[in-house]
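Q: Okay, here's the structure, questions in a sec.
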Amino acid sequence: MANLDWLVLSFTLLFIVIYGALKTKGSANVKDYILGNNETPWFTVGISVMATQASAITFLSTPGQAYHDGMGFVQFYFGLPLAMVVIAYTFIPIYHKLKVYTAYEYLEQRFDVKTRTLAAILFLIQRGLGTGITIYAPAIILSALLGWNLFLLNIIIGLLVIVYTVTGGTKAVNVTQKQQMFVIFSGMVITFVIILYQLPEQLDFGNVLKIAGANGKMDILDFSYNPETRYTFWSGITGGFFLMLSYFGTDQSQVGRYLSGKSIKESQMGLIMNGILKVPMQFFILLTGVLVFVFFQFNSAPLHFNPTNVSNIENSKYKEDYKILENKLAFINKEKKVVNQLYIEQINNEENIALKKKMQTLTTQEKELREQAKTLIAKSDSKAETNDKDYVFLYFILNYLPKGILGLLLAVIFSAAMSSSASGLNSLAATSTIDIYKRNKDGKSDKHYVYATQYFTLFWGLVAIGFACISSLFENLIQLVNIIGSVFYGTVLGIFLVGFYIQYVKGKAIFIAASISQLTIFYIFYIDVVSFLWLNFIGAILTIILSLSIERYLKINNKKSLS
């Protein structure tokens, strides 16, 4: 990295941390610390909600996902706008009316302490893991690509977040996320423009899309009904809807963002803003990955994007075999450049059909070589993660972006990691204090609970750093985070849906139903028979059906015992 990149990166991160710490230092009471004293305007609510979900994983993994598999991943978000409408006009009024600090407080008022505690514990488990991953994801990739110490990166990212989250609470999270989202959007837009600029002059944006489409990267919609296909229109509109409904409606990391709104209307407007902007934002990030794919049709791409794996295999007995594959890819890269150049020149001719088929053949051959390389990597190190999707975008920005822009893009990655991690720590601390600690140690002063929340923030920050330090990368990170959420969210959503809409069901029935449902989801996930997106739908529906059945059974038994 050049000195200019270091300057841009350091200034951006230090400004965010210092600004967040100074702007929001000191909270007089729990309401101020956890809810920001309900002073957050709708625009800040919307930005904070978007920033909480848009972790570093979004900007690292999503372009790589598009590079390898195309735009189909956007279907994952199709259920989000509908979920925002449901939450805005159903969940938010109930939360505000009851004046709760966390979503799980409602469950005790509706059911009982056991149900509240169960939901809170499920949240703490999945959000604790998720926050660790949001720290670990950028750390391991930056470590591999830049040679930085992974352990120190985990600690640095975690400590930066802890500093302002402990001092300022929810206000600090909301304030810093506005700065972070500005950095993120600026960096992504600049990168998008630079990629277009670096493509051949005669290649306009329309022709870029044609080349991408010829290689199957613009296949956005899949209407197939195969439950094992991970991303389809149906899994996005149903499983995605239930995942978003549970994440934004019952996950304290998101609920805490809009509970801090000035009013019900301000909170609703913030969520609707997220519903309007989120799908286009993800589409844009995926499209950036598609542009990177087109860029590498005219420039040489490595056989494998993870430099750690490449270094390991080059020092193994499979070195020569790997070199043979690299030479084959070099030949394909040269041929691709020629074919794509001809395709541009004859873009409006019927002869393009033959060129299109040639392009597709070369792309298929390239994929086969990459799979062979992964096989060799796995042979050289059985513990190596051969999936290199998460390294594609960073490889591009490290090797092809001008000085200064690299520092800005690294600031984007750090900012995104910090924004989502801060929300995670803030929500973990709020849930630990309000739903666990205060519930069992009531009667203390407001200041006592502020200190308790700060200590819990520090505690969960250290836990997240610790988990990040012992984690191992597997699969595509954007998928990993959503998989973890899907395993837990369905059951929790089912509890809330029963609470909101089915007054017939009482505490004992919902507690038993939720416990059985969660164990069932663990088993379904273990045997891996459906795409993870369906786990949200299954968990929610199973909890609802079981609670109705158990409640009916309990009432019949009670009648028999009374008679």
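Note on naming: chains are A, B, ... as they come in the structure tokens, residues start from 1 per chain, ligands start from 1 in the order shown.
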Which polymer residues have any atom within 9 Å of an atom of region 547-558 of chain A, counting only C-alpha atoms, with same-chain residues fewer than 5 positions away left out, as a tab-separated table (two decimals) with C-alpha atoms, in the first residue's frame?
A:
chain	number	residue	atom	x	y	z
A	495	ILE	CA	-43.10	-16.95	18.88
A	498	VAL	CA	-48.29	-16.20	17.81
A	502	ILE	CA	-53.13	-15.73	18.09
A	504	TYR	CA	-55.71	-18.29	22.10
A	505	VAL	CA	-52.16	-19.63	22.76
A	506	LYS	CA	-50.65	-19.13	26.24
A	508	LYS	CA	-46.70	-22.97	28.44
A	509	ALA	CA	-47.80	-24.05	24.96
A	510	ILE	CA	-45.61	-21.56	23.09
A	511	PHE	CA	-42.56	-22.41	25.21
A	512	ILE	CA	-42.87	-26.15	24.51
A	513	ALA	CA	-43.64	-25.53	20.84
A	514	ALA	CA	-40.65	-23.21	20.38
A	542	LEU	CA	-43.79	-25.28	12.86
A	563	SER	CA	-64.42	-33.01	35.51
Q: Any idea what's packed within 12 Å of Asp204 (chain A), counting only C-alpha atoms, ignoring anything in its chain fewer than 5 positions away? Could you give it as a compact mmCIF listing (two decimals) with N, CA and C atoms, in the first residue's frame?
A:
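The resulting file, part-v5.txt, is reproduced below:
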# COMPACT_ATOMS: atom_id res chain seq x y z
N ILE A 195 -13.99 0.88 -12.68
CA ILE A 195 -14.02 -0.38 -13.44
C ILE A 195 -14.50 -0.10 -14.87
N LEU A 196 -15.57 0.67 -15.00
CA LEU A 196 -16.08 1.02 -16.34
C LEU A 196 -15.01 1.76 -17.15
N TYR A 197 -14.30 2.66 -16.49
CA TYR A 197 -13.27 3.44 -17.16
C TYR A 197 -12.12 2.57 -17.66
N GLN A 198 -11.82 1.50 -16.92
CA GLN A 198 -10.69 0.64 -17.27
C GLN A 198 -11.04 -0.43 -18.31
N LEU A 199 -12.30 -0.54 -18.68
CA LEU A 199 -12.69 -1.47 -19.74
C LEU A 199 -12.34 -0.86 -21.11
N LEU A 209 -23.14 -5.32 -20.36
CA LEU A 209 -24.22 -6.20 -19.91
C LEU A 209 -24.43 -7.35 -20.89
N LYS A 210 -24.22 -7.10 -22.18
CA LYS A 210 -24.38 -8.16 -23.18
C LYS A 210 -23.32 -9.24 -23.01
N ILE A 211 -22.09 -8.82 -22.75
CA ILE A 211 -21.02 -9.79 -22.52
C ILE A 211 -21.30 -10.59 -21.25
N LEU A 291 -19.26 -6.52 -13.22
CA LEU A 291 -18.29 -5.69 -13.94
C LEU A 291 -16.87 -6.22 -13.77
N VAL A 294 -16.47 -9.03 -16.17
CA VAL A 294 -16.24 -8.55 -17.53
C VAL A 294 -14.82 -7.99 -17.67
N ILE A 344 -17.18 -7.55 -29.38
CA ILE A 344 -17.46 -6.11 -29.31
C ILE A 344 -17.58 -5.52 -30.71
N GLU A 345 -16.63 -5.89 -31.58
CA GLU A 345 -16.59 -5.32 -32.92
C GLU A 345 -17.81 -5.73 -33.74
N ILE A 347 -20.87 -6.62 -32.44
CA ILE A 347 -21.91 -6.73 -31.41
C ILE A 347 -23.32 -6.74 -31.99
Q: Tell me, counting only C-alpha atoms, for each residue of region 268-323 of chain A within 10 Å of region 392-406 of chain A, which pair of atoms is nearest and how far apart they are in Å to one decimal, in rows ordered by chain and increasing number, as a Markdown table.
A:
| residue | atom | partner | partner_atom | distance |
| --- | --- | --- | --- | --- |
| A:Thr288 | CA | A:Phe393 | CA | 9.1 |
| A:Gly289 | CA | A:Phe393 | CA | 7.1 |
| A:Val292 | CA | A:Phe396 | CA | 7.5 |
| A:Phe293 | CA | A:Val392 | CA | 9.4 |
| A:Phe295 | CA | A:Phe396 | CA | 9.5 |
| A:Phe296 | CA | A:Phe396 | CA | 9.3 |
| A:Ala301 | CA | A:Phe396 | CA | 9.1 |
| A:Pro302 | CA | A:Tyr395 | CA | 9.3 |
| A:His304 | CA | A:Val392 | CA | 9.0 |
| A:Phe305 | CA | A:Val392 | CA | 5.9 |
| A:Asn306 | CA | A:Val392 | CA | 8.1 |
| A:Pro307 | CA | A:Tyr395 | CA | 9.2 |
Q: So, counting only C-alpha atoms, which residue among A:Val290, A:Ile545, A:Val310, A:Ala373 is closest to Val208 (chain A)?
A: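 Checking each candidate against Val208 (chain A), we get A:Val290 as the closest.
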Q: Which residue gives the smallest distance to Tyr77 (chain A) among A:Thr361, A:Thr167, A:Gln282, A:Asn340, with only C-alpha atoms counted?
A: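 Of A:Thr361, A:Thr167, A:Gln282, A:Asn340, the one nearest Tyr77 (chain A), counting only C-alpha atoms, is A:Gln282.
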Q: Please report, as JSON, numbers by chain, each residue of region 236-381 of chain A to which DSSP assigns alpha helix (DSSP H) when run on this structure's backbone.
A: {"A": [240, 241, 242, 243, 244, 245, 246, 247, 248, 249, 250, 252, 253, 254, 255, 256, 257, 258, 259, 264, 265, 266, 267, 268, 269, 270, 271, 272, 273, 274, 275, 276, 277, 278, 279, 280, 281, 282, 283, 284, 285, 286, 287, 288, 289, 290, 291, 292, 293, 294, 295, 296, 297, 298, 307, 308, 309, 310, 311, 312, 313, 314, 319, 320, 321, 322, 323, 324, 325, 326, 327, 328, 329, 330, 331, 332, 333, 334, 335, 336, 337, 338, 339, 340, 341, 342, 343, 344, 345, 352, 353, 354, 355, 356, 357, 358, 359, 360, 361, 362, 363, 364, 365, 366, 367, 368, 369, 370, 371, 372, 373, 374, 375, 376, 377, 378, 379, 380]}
